[in-house]
>>> print(open('final-v7.csv').read())   # CSV, C-alpha atoms and all ligand atoms
chain,number,residue,atom,x,y,z
A,214,MET,CA,76.0,85.8,100.2
A,215,SER,CA,77.7,89.2,100.7
A,216,HIS,CA,75.2,92.0,101.0
A,217,ASP,CA,75.1,95.8,101.4
A,218,PHE,CA,71.9,96.1,103.6
A,219,GLU,CA,69.7,94.6,106.2
A,220,THR,CA,66.4,95.8,107.6
A,221,ALA,CA,67.4,97.6,110.7
A,222,TYR,CA,64.1,98.7,112.3
A,223,ALA,CA,60.6,100.0,112.0
A,224,ILE,CA,59.2,102.9,114.0
A,225,VAL,CA,55.4,103.0,114.1
A,226,GLU,CA,53.3,105.8,115.4
A,227,VAL,CA,50.3,104.4,117.3
A,228,SER,CA,47.2,106.0,118.9
A,229,ASP,CA,47.1,103.5,121.8
A,230,LEU,CA,50.6,103.0,123.1
A,231,GLU,CA,49.8,100.6,125.9
A,232,ALA,CA,47.7,98.3,123.7
A,233,ASN,CA,50.4,98.1,121.1
A,234,ALA,CA,53.1,97.5,123.8
A,235,ALA,CA,51.0,94.6,125.2
A,236,PHE,CA,50.4,93.3,121.6
A,237,PHE,CA,54.2,93.1,120.8
A,238,SER,CA,55.2,91.6,124.1
A,239,GLU,CA,52.4,89.3,124.9
A,240,VAL,CA,50.8,88.3,121.6
A,241,ILE,CA,53.7,88.5,119.1
A,242,GLY,CA,56.2,87.6,121.9
A,243,LEU,CA,59.1,90.0,121.2
A,244,ALA,CA,61.6,91.1,123.9
A,245,ALA,CA,61.2,94.5,125.4
A,246,SER,CA,64.1,96.9,125.0
A,247,PRO,CA,64.9,100.2,126.9
A,248,ALA,CA,63.0,103.0,125.3
A,249,ALA,CA,62.4,106.8,125.7
A,250,GLU,CA,59.3,108.2,127.4
A,251,GLY,CA,56.2,107.9,125.2
A,252,THR,CA,57.7,105.0,123.2
A,253,ARG,CA,58.1,101.3,123.7
A,254,ALA,CA,60.8,99.3,121.9
A,255,PHE,CA,61.0,95.6,121.1
A,256,THR,CA,63.6,93.3,119.5
A,257,ASN,CA,63.8,89.8,118.1
A,258,ASP,CA,67.6,89.4,118.2
A,259,GLU,CA,70.7,91.1,119.6
A,260,ALA,CA,70.0,94.5,118.1
A,261,VAL,CA,69.0,96.9,120.8
A,262,HIS,CA,65.7,97.7,119.0
A,263,ARG,CA,63.8,96.4,116.0
A,264,ILE,CA,60.2,97.5,116.3
A,265,THR,CA,59.4,100.7,118.2
A,266,VAL,CA,55.9,102.1,118.8
A,267,VAL,CA,55.6,105.8,119.5
A,268,GLN,CA,52.6,107.6,121.0
A,269,GLY,CA,50.8,109.8,118.4
A,270,THR,CA,47.6,110.3,116.7
A,271,ARG,CA,48.0,108.1,113.6
A,272,ASP,CA,48.6,104.4,113.3
A,273,ASP,CA,51.3,104.2,110.6
A,274,LEU,CA,54.9,103.7,109.8
A,275,VAL,CA,57.0,106.8,110.7
A,276,ALA,CA,60.4,105.5,109.8
A,277,TYR,CA,61.9,102.4,108.0
A,278,GLY,CA,65.5,101.9,109.1
A,279,ILE,CA,67.8,100.3,106.6
A,280,GLU,CA,71.3,99.4,107.9
A,281,ALA,CA,74.3,99.7,105.6
A,282,MET,CA,76.6,96.8,106.4
A,283,SER,CA,79.9,98.8,105.8
A,284,PRO,CA,81.0,102.4,105.8
A,285,ALA,CA,81.7,102.1,102.1
A,286,SER,CA,78.1,100.9,101.4
A,287,PHE,CA,76.8,103.8,103.6
A,288,GLU,CA,78.8,106.4,101.7
A,289,ALA,CA,78.0,105.0,98.3
A,290,THR,CA,74.3,104.9,99.0
A,291,LEU,CA,74.4,108.4,100.4
A,292,ALA,CA,76.1,109.5,97.2
A,293,ARG,CA,73.5,107.8,95.0
A,294,LEU,CA,70.6,109.4,97.0
A,295,SER,CA,72.2,112.8,96.6
A,296,ALA,CA,72.8,112.3,92.9
A,297,ALA,CA,69.2,111.2,92.4
A,298,GLY,CA,67.9,114.4,94.1
A,299,TYR,CA,66.7,112.8,97.4
A,300,ALA,CA,68.6,115.4,99.5
A,301,PRO,CA,69.4,113.0,102.4
A,302,VAL,CA,70.0,114.8,105.7
A,303,GLU,CA,72.4,113.5,108.3
A,304,ASN,CA,71.0,113.8,111.8
A,305,ALA,CA,73.5,113.1,114.7
A,306,ASP,CA,70.9,113.7,117.4
A,307,LEU,CA,68.5,111.1,115.8
A,308,ALA,CA,71.5,108.7,115.4
A,309,ARG,CA,72.1,108.8,119.1
A,310,ARG,CA,68.4,108.2,119.9
A,311,ARG,CA,68.3,105.3,117.4
A,312,SER,CA,71.5,103.8,118.9
A,313,VAL,CA,73.4,104.0,115.6
A,314,ASP,CA,76.8,105.5,114.6
A,315,ARG,CA,75.4,107.4,111.7
A,316,LEU,CA,71.9,108.2,110.3
A,317,VAL,CA,70.6,110.0,107.3
A,318,GLU,CA,66.9,110.8,106.8
A,319,VAL,CA,65.5,110.3,103.3
A,320,ALA,CA,62.0,111.5,102.4
A,321,THR,CA,60.2,108.9,100.2
A,322,PRO,CA,57.4,108.9,97.7
A,323,PHE,CA,55.4,106.5,99.9
A,324,GLY,CA,55.3,108.8,102.9
A,325,ALA,CA,57.4,107.5,105.8
A,326,PRO,CA,61.1,108.5,105.7
A,327,ILE,CA,63.8,105.9,105.3
A,328,GLU,CA,66.6,106.2,107.8
A,329,LEU,CA,69.8,104.9,106.3
A,330,VAL,CA,71.9,103.9,109.2
A,331,LEU,CA,75.4,102.5,110.0
A,332,GLY,CA,76.3,100.6,113.1
A,333,LEU,CA,73.1,99.7,114.8
A,334,GLU,CA,74.1,98.8,118.4
A,335,ARG,CA,74.0,95.1,119.3
A,336,GLY,CA,73.9,93.7,122.9
A,337,ALA,CA,73.3,90.4,124.6
A,338,ALA,CA,70.8,88.0,123.0
A,339,PRO,CA,67.4,88.8,124.6
A,340,ALA,CA,65.2,86.2,126.3
A,341,LEU,CA,62.6,85.1,123.7
A,342,PRO,CA,60.7,82.4,125.7
A,343,HIS,CA,57.9,82.1,123.0
A,344,TYR,CA,60.5,81.2,120.3
A,345,GLN,CA,62.5,78.1,120.9
A,346,ALA,CA,64.7,78.7,117.9
A,347,GLY,CA,64.6,82.5,118.0
A,348,PHE,CA,64.1,84.5,114.8
A,349,VAL,CA,65.7,84.5,111.3
A,350,THR,CA,67.7,87.7,111.4
A,351,LYS,CA,71.4,86.9,110.8
A,352,GLY,CA,72.5,88.5,107.6
A,353,GLN,CA,69.0,89.7,106.9
A,354,GLY,CA,67.7,92.0,109.7
A,355,PHE,CA,64.5,91.9,111.7
A,356,GLY,CA,62.1,91.0,109.0
A,357,HIS,CA,60.2,92.8,106.3
A,358,VAL,CA,58.1,95.9,105.8
A,359,VAL,CA,55.2,96.2,103.3
A,360,VAL,CA,53.6,99.4,102.3
A,361,ALA,CA,50.8,100.4,99.9
A,362,THR,CA,51.1,103.6,97.9
A,363,GLU,CA,49.7,105.3,94.8
A,364,HIS,CA,53.3,106.5,94.1
A,365,PHE,CA,54.2,102.9,93.0
A,366,ASP,CA,56.6,103.6,90.2
A,367,ALA,CA,58.5,106.3,92.0
A,368,THR,CA,58.9,104.1,95.1
A,369,SER,CA,60.0,101.2,92.9
A,370,HIS,CA,62.6,103.4,91.3
A,371,LEU,CA,63.9,104.6,94.7
A,372,PHE,CA,64.4,101.0,95.9
A,373,THR,CA,65.9,99.5,92.7
A,374,GLU,CA,67.7,102.3,90.9
A,375,VAL,CA,68.8,104.5,93.9
A,376,LEU,CA,69.1,102.3,97.0
A,377,GLY,CA,70.2,99.2,95.0
A,378,PHE,CA,67.6,96.6,96.1
A,379,SER,CA,66.7,94.0,93.5
A,380,LEU,CA,63.3,92.9,92.3
A,381,SER,CA,62.6,89.3,93.6
A,382,ASP,CA,59.2,88.8,91.8
A,383,TRP,CA,55.8,90.3,91.7
A,384,ILE,CA,52.1,89.3,92.1
A,385,GLU,CA,49.3,90.5,90.0
A,386,THR,CA,45.9,89.0,90.8
A,387,GLU,CA,42.2,89.8,90.8
A,388,ILE,CA,41.2,89.7,94.5
A,389,MET,CA,37.5,90.6,93.7
A,390,GLU,CA,35.7,91.0,90.5
A,391,GLY,CA,37.2,94.1,88.8
A,392,ILE,CA,39.8,94.7,91.6
A,393,THR,CA,43.3,93.7,90.7
A,394,ILE,CA,46.2,94.1,93.1
A,395,GLU,CA,49.8,94.4,92.1
A,396,VAL,CA,52.6,93.9,94.6
A,397,ARG,CA,56.4,94.0,93.9
A,398,PHE,CA,58.9,92.3,96.2
A,399,PHE,CA,62.4,93.6,96.7
A,400,HIS,CA,65.5,91.9,98.3
A,401,CYS,CA,68.8,93.3,99.5
A,402,ASN,CA,70.2,90.1,101.1
A,403,ALA,CA,69.1,86.4,101.4
A,404,ARG,CA,65.6,87.3,102.6
A,405,HIS,CA,63.1,86.9,99.8
A,406,HIS,CA,61.9,90.4,100.4
A,407,SER,CA,63.0,93.0,103.0
A,408,PHE,CA,60.5,95.5,101.4
A,409,ALA,CA,57.4,95.0,99.3
A,410,LEU,CA,55.2,97.5,97.7
A,411,ALA,CA,51.5,97.3,96.8
A,412,LYS,CA,50.0,99.6,94.2
A,413,ALA,CA,47.1,101.6,95.7
A,414,PRO,CA,44.5,102.8,93.2
A,415,PHE,CA,44.1,106.1,95.1
A,416,ALA,CA,45.6,107.9,98.1
A,417,LEU,CA,45.2,105.8,101.3
A,418,PRO,CA,45.1,107.2,104.8
A,419,THR,CA,48.1,105.1,105.9
A,420,ALA,CA,51.0,103.5,104.1
A,421,LEU,CA,51.9,100.6,106.3
A,422,HIS,CA,50.3,97.3,105.4
A,423,HIS,CA,52.3,95.0,107.6
A,424,LEU,CA,55.6,94.2,109.3
A,425,MET,CA,56.9,90.6,109.3
A,426,VAL,CA,59.0,88.6,111.7
A,427,GLU,CA,60.3,85.1,110.8
A,428,ALA,CA,60.5,82.5,113.5
A,429,GLY,CA,63.2,79.8,113.4
A,430,ASP,CA,60.7,77.0,114.2
A,431,ARG,CA,57.4,76.2,112.5
A,432,ASP,CA,55.6,75.3,115.7
A,433,ASP,CA,56.3,78.8,117.1
A,434,VAL,CA,54.2,80.3,114.3
A,435,GLY,CA,51.4,78.0,115.5
A,436,ARG,CA,51.9,79.0,119.1
A,437,ALA,CA,51.8,82.7,118.1
A,438,PHE,CA,48.6,81.9,116.2
A,439,ASP,CA,47.2,80.3,119.4
A,440,ARG,CA,48.1,83.4,121.5
A,441,THR,CA,46.4,85.6,118.9
A,442,TRP,CA,43.3,83.3,118.8
A,443,ALA,CA,42.9,83.7,122.5
A,444,THR,CA,42.5,87.5,122.1
A,445,THR,CA,39.8,89.5,120.3
A,446,LEU,CA,42.3,90.9,117.8
A,447,GLY,CA,41.4,90.7,114.2
A,448,ILE,CA,43.0,88.0,112.1
A,449,ALA,CA,43.3,89.4,108.6
A,450,ASN,CA,44.6,86.1,107.2
A,451,GLY,CA,44.7,82.7,108.9
A,452,LEU,CA,47.5,80.2,108.5
A,453,GLY,CA,48.6,79.7,104.9
A,454,VAL,CA,51.6,79.4,102.6
A,455,HIS,CA,52.5,82.2,100.1
A,456,ASP,CA,53.1,81.2,96.5
A,457,ASN,CA,56.1,83.4,95.7
A,458,ASP,CA,58.2,83.3,98.9
A,459,GLN,CA,56.6,80.0,100.2
A,460,MET,CA,56.4,81.4,103.7
A,461,PHE,CA,54.1,79.7,106.2
A,462,SER,CA,52.4,82.5,108.1
A,463,PHE,CA,49.4,84.3,109.4
A,464,TYR,CA,48.5,88.0,109.7
A,465,VAL,CA,47.1,89.6,112.9
A,466,ILE,CA,45.6,93.1,113.0
A,467,ALA,CA,47.5,95.2,115.5
A,468,PRO,CA,45.7,97.7,117.7
A,469,GLY,CA,45.2,100.7,115.3
A,470,GLY,CA,44.8,98.6,112.1
A,471,TYR,CA,48.1,97.8,110.6
A,472,GLN,CA,49.1,94.1,110.4
A,473,VAL,CA,51.9,91.9,111.7
A,474,GLU,CA,52.8,88.7,109.8
A,475,VAL,CA,54.4,85.9,111.8
A,476,GLY,CA,56.0,83.4,109.5
A,477,TYR,CA,58.4,80.6,109.0
A,478,GLY,CA,60.4,78.9,106.3
A,479,ALA,CA,60.5,81.5,103.5
A,480,LYS,CA,62.5,80.8,100.3
A,481,GLN,CA,65.9,82.3,100.4
A,482,ILE,CA,67.5,84.4,97.6
A,483,THR,CA,70.4,82.7,95.9
A,484,GLU,CA,72.7,84.4,93.4
A,485,PRO,CA,72.3,84.6,90.5
A,486,TRP,CA,68.6,85.1,91.1
A,487,ASP,CA,66.7,83.8,88.1
A,488,GLN,CA,63.2,83.6,89.5
A,489,VAL,CA,62.1,87.2,88.7
A,490,ARG,CA,58.6,86.5,87.4
A,491,GLY,CA,54.9,87.2,88.0
A,492,TYR,CA,52.6,85.1,90.2
A,493,ASP,CA,48.9,85.2,89.8
A,494,GLN,CA,47.9,84.1,93.3
A,495,ILE,CA,49.0,85.3,96.7
A,496,SER,CA,48.9,81.9,98.5
A,497,ILE,CA,49.1,78.2,97.6
A,498,TRP,CA,46.6,77.5,100.4
A,499,GLY,CA,45.1,79.2,103.4
A,500,HIS,CA,45.5,82.9,104.4
A,501,GLN,CA,41.7,83.2,104.4
A,502,PRO,CA,40.3,86.4,106.1
A,503,LEU,CA,39.5,84.9,109.4
A,504,ARG,CA,38.2,87.3,112.1
A,505,LEU,CA,37.3,91.0,112.2
A,506,PRO,CA,38.8,93.1,115.0
A,507,GLY,CA,36.8,92.6,118.2
A,601,FE,FE,54.7,89.7,104.3
>>> encode(input="final-v7.csv", output="structure tokens")
Amino acid sequence: MSHDFETAYAIVEVSDLEANAAFFSEVIGLAASPAAEGTRAFTNDEAVHRITVVQGTRDDLVAYGIEAMSPASFEATLARLSAAGYAPVENADLARRRSVDRLVEVATPFGAPIELVLGLERGAAPALPHYQAGFVTKGQGFGHVVVATEHFDATSHLFTEVLGFSLSDWIETEIMEGITIEVRFFHCNARHHSFALAKAPFALPTALHHLMVEAGDRDDVGRAFDRTWATTLGIANGLGVHDNDQMFSFYVIAPGGYQVEVGYGAKQITEPWDQVRGYDQISIWGHQPLRLPG
């Protein structure tokens, strides 16, 4: 399907750079990319960077990169952002540092800025010895980003009415007595969701819930789980299958507390998309909270 956007990259500030670097290379199994001092960059395909960790004091998303797939899409999105009062700022210096042709920064209601980019540099396919079929990125980008915010409606509005993402479906479910969670899932290409948004009942200290990478082979999710099991890292959710996107996955807690989902086999969006509906459970089976951080 033709599409205007792909998930370009995520930049995450971390309080322990070395632990996060080892986590992405040895546990998740991504390929290391060249990176500036005080940062470590990783990729899961030909793009020169996909997930970058930056030394800091917090453990949270500091930028969500969205790649416009044509100059026309980039310009049209920029115009919609300006018209909606988001005051996007073009930043040539940051564009060079992010290895893109153009970049505009957009402040968001959920906290971390969006970086709308054009022309993310691609190179040779990286060695990904832990993933025999690589990752699902073609036409979709590196994976997905999920945040939680009390500014739920404003963030939904930004994604659907301004950026032009579409609602895939939503989940509303009682996770404990009296505690209901609501999550909306948004697509911009064939991936079921490139961005999802959980409604926080009050201001949370961090916005990032998890980043997801999608393996091309089911067994490689199991092998990633085995590598995780051999560490003392927390496992927020063991292996399971989601109800809405039908992804087979698990969630490991990265050093610092945000999570990474490694998955396989999610449902793809087909047009016209006629499955916009609510779900009342997160998973068909599994995804039990498995292990607290060691
Ligand atoms: Fe996810």
>>> residues_around(input="final-v7.csv", residues="range 327-340 of chain A", least_positions_apart="4", cutoff="8 Å", atoms="all atoms listed in the file", output="PyMOL selection string")
chain A and resi 221+244+256-261+276-284+287+308+311-321
>>> residues_near_ligand(input="final-v7.csv", ligand="ligand FE 601 (chain A)", cutoff="12 Å", atoms="only C-alpha atoms and all ligand atoms", output="count of residues only")
48
>>> atom_distance(input="final-v7.csv", atom1="CA of Ser381 in chain A", atom2="CA of Gln488 in chain A")
7.0 Å
>>> residues_around(input="final-v7.csv", residues="Thr252 in chain A", least_positions_apart="2", cutoff="12 Å", atoms="all atoms listed in the file", output="PDB file with C-alpha atoms, keeping the file's coordinate frame")
ATOM      1  CA  ILE A 224      59.200 102.900 114.000  1.00  0.00           C
ATOM      2  CA  VAL A 225      55.400 103.000 114.100  1.00  0.00           C
ATOM      3  CA  GLU A 226      53.300 105.800 115.400  1.00  0.00           C
ATOM      4  CA  VAL A 227      50.300 104.400 117.300  1.00  0.00           C
ATOM      5  CA  SER A 228      47.200 106.000 118.900  1.00  0.00           C
ATOM      6  CA  ASP A 229      47.100 103.500 121.800  1.00  0.00           C
ATOM      7  CA  LEU A 230      50.600 103.000 123.100  1.00  0.00           C
ATOM      8  CA  GLU A 231      49.800 100.600 125.900  1.00  0.00           C
ATOM      9  CA  ASN A 233      50.400  98.100 121.100  1.00  0.00           C
ATOM     10  CA  ALA A 234      53.100  97.500 123.800  1.00  0.00           C
ATOM     11  CA  ALA A 245      61.200  94.500 125.400  1.00  0.00           C
ATOM     12  CA  SER A 246      64.100  96.900 125.000  1.00  0.00           C
ATOM     13  CA  PRO A 247      64.900 100.200 126.900  1.00  0.00           C
ATOM     14  CA  ALA A 248      63.000 103.000 125.300  1.00  0.00           C
ATOM     15  CA  ALA A 249      62.400 106.800 125.700  1.00  0.00           C
ATOM     16  CA  GLU A 250      59.300 108.200 127.400  1.00  0.00           C
ATOM     17  CA  ALA A 254      60.800  99.300 121.900  1.00  0.00           C
ATOM     18  CA  PHE A 255      61.000  95.600 121.100  1.00  0.00           C
ATOM     19  CA  HIS A 262      65.700  97.700 119.000  1.00  0.00           C
ATOM     20  CA  ILE A 264      60.200  97.500 116.300  1.00  0.00           C
ATOM     21  CA  THR A 265      59.400 100.700 118.200  1.00  0.00           C
ATOM     22  CA  VAL A 266      55.900 102.100 118.800  1.00  0.00           C
ATOM     23  CA  VAL A 267      55.600 105.800 119.500  1.00  0.00           C
ATOM     24  CA  GLN A 268      52.600 107.600 121.000  1.00  0.00           C
ATOM     25  CA  GLY A 269      50.800 109.800 118.400  1.00  0.00           C
ATOM     26  CA  ARG A 310      68.400 108.200 119.900  1.00  0.00           C
TER      27      ARG A 310
END
>>> closest_residue(input="final-v7.csv", among="A:Gly451, A:Gly499, A:Gly347, A:Gly491", to="Phe438 in chain A", atoms="all atoms listed in the file")
A:Gly451
>>> residues_near_point(input="final-v7.csv", point="(53.9, 81.6, 123.3)", cutoff="9 Å", atoms="only C-alpha atoms", output="MDAnalysis selection string")
chainID A and resid 239:242 342:344 433 435:440
>>> write_last_selection(input="final-v7.csv", atoms="C-alpha atoms", output="PDB file, in the frame of the given file")
ATOM      1  CA  GLU A 239      52.400  89.300 124.900  1.00  0.00           C
ATOM      2  CA  VAL A 240      50.800  88.300 121.600  1.00  0.00           C
ATOM      3  CA  ILE A 241      53.700  88.500 119.100  1.00  0.00           C
ATOM      4  CA  GLY A 242      56.200  87.600 121.900  1.00  0.00           C
ATOM      5  CA  PRO A 342      60.700  82.400 125.700  1.00  0.00           C
ATOM      6  CA  HIS A 343      57.900  82.100 123.000  1.00  0.00           C
ATOM      7  CA  TYR A 344      60.500  81.200 120.300  1.00  0.00           C
ATOM      8  CA  ASP A 433      56.300  78.800 117.100  1.00  0.00           C
ATOM      9  CA  GLY A 435      51.400  78.000 115.500  1.00  0.00           C
ATOM     10  CA  ARG A 436      51.900  79.000 119.100  1.00  0.00           C
ATOM     11  CA  ALA A 437      51.800  82.700 118.100  1.00  0.00           C
ATOM     12  CA  PHE A 438      48.600  81.900 116.200  1.00  0.00           C
ATOM     13  CA  ASP A 439      47.200  80.300 119.400  1.00  0.00           C
ATOM     14  CA  ARG A 440      48.100  83.400 121.500  1.00  0.00           C
TER      15      ARG A 440
END
>>> atom_distance(input="final-v7.csv", atom1="CA of Trp383 in chain A", atom2="CA of Gln494 in chain A")
10.2 Å
>>> residues_around(input="final-v7.csv", residues="Ser379 in chain A", least_positions_apart="6", cutoff="7 Å", atoms="only C-alpha atoms", output="list in words")
Thr373, Phe399, His400 and Cys401 of chain A
>>> atom_distance(input="final-v7.csv", atom1="CA of Ala346 in chain A", atom2="CA of Ser238 in chain A")
17.2 Å
>>> residues_around(input="final-v7.csv", residues="Ala467 in chain A", least_positions_apart="3", cutoff="9 Å", atoms="all atoms listed in the file", output="list of chain:residue names")
A:Ala232, A:Asn233, A:Phe236, A:Phe237, A:Leu446, A:Gly447, A:Gly470, A:Tyr471, A:Gln472, A:Val473, A:Pro506
>>> residues_around(input="final-v7.csv", residues="range 292-294 of chain A", least_positions_apart="5", cutoff="10 Å", atoms="only C-alpha atoms", output="PyMOL selection string")
chain A and resi 286-287+299-301+319+371+374-377
>>> write_last_selection(input="final-v7.csv", atoms="C-alpha atoms", output="short mmCIF file (atom, residue, chain, number, x, y, z; two decimals), in the frame of the given file")
data_model
loop_
_atom_site.label_atom_id
_atom_site.label_comp_id
_atom_site.auth_asym_id
_atom_site.auth_seq_id
_atom_site.Cartn_x
_atom_site.Cartn_y
_atom_site.Cartn_z
CA SER A 286 78.10 100.90 101.40
CA PHE A 287 76.80 103.80 103.60
CA TYR A 299 66.70 112.80 97.40
CA ALA A 300 68.60 115.40 99.50
CA PRO A 301 69.40 113.00 102.40
CA VAL A 319 65.50 110.30 103.30
CA LEU A 371 63.90 104.60 94.70
CA GLU A 374 67.70 102.30 90.90
CA VAL A 375 68.80 104.50 93.90
CA LEU A 376 69.10 102.30 97.00
CA GLY A 377 70.20 99.20 95.00
#
>>> closest_residue(input="final-v7.csv", among="A:Gly469, A:Asp493, A:Gly429, A:Phe355", to="Glu395 in chain A", atoms="only C-alpha atoms")
A:Asp493
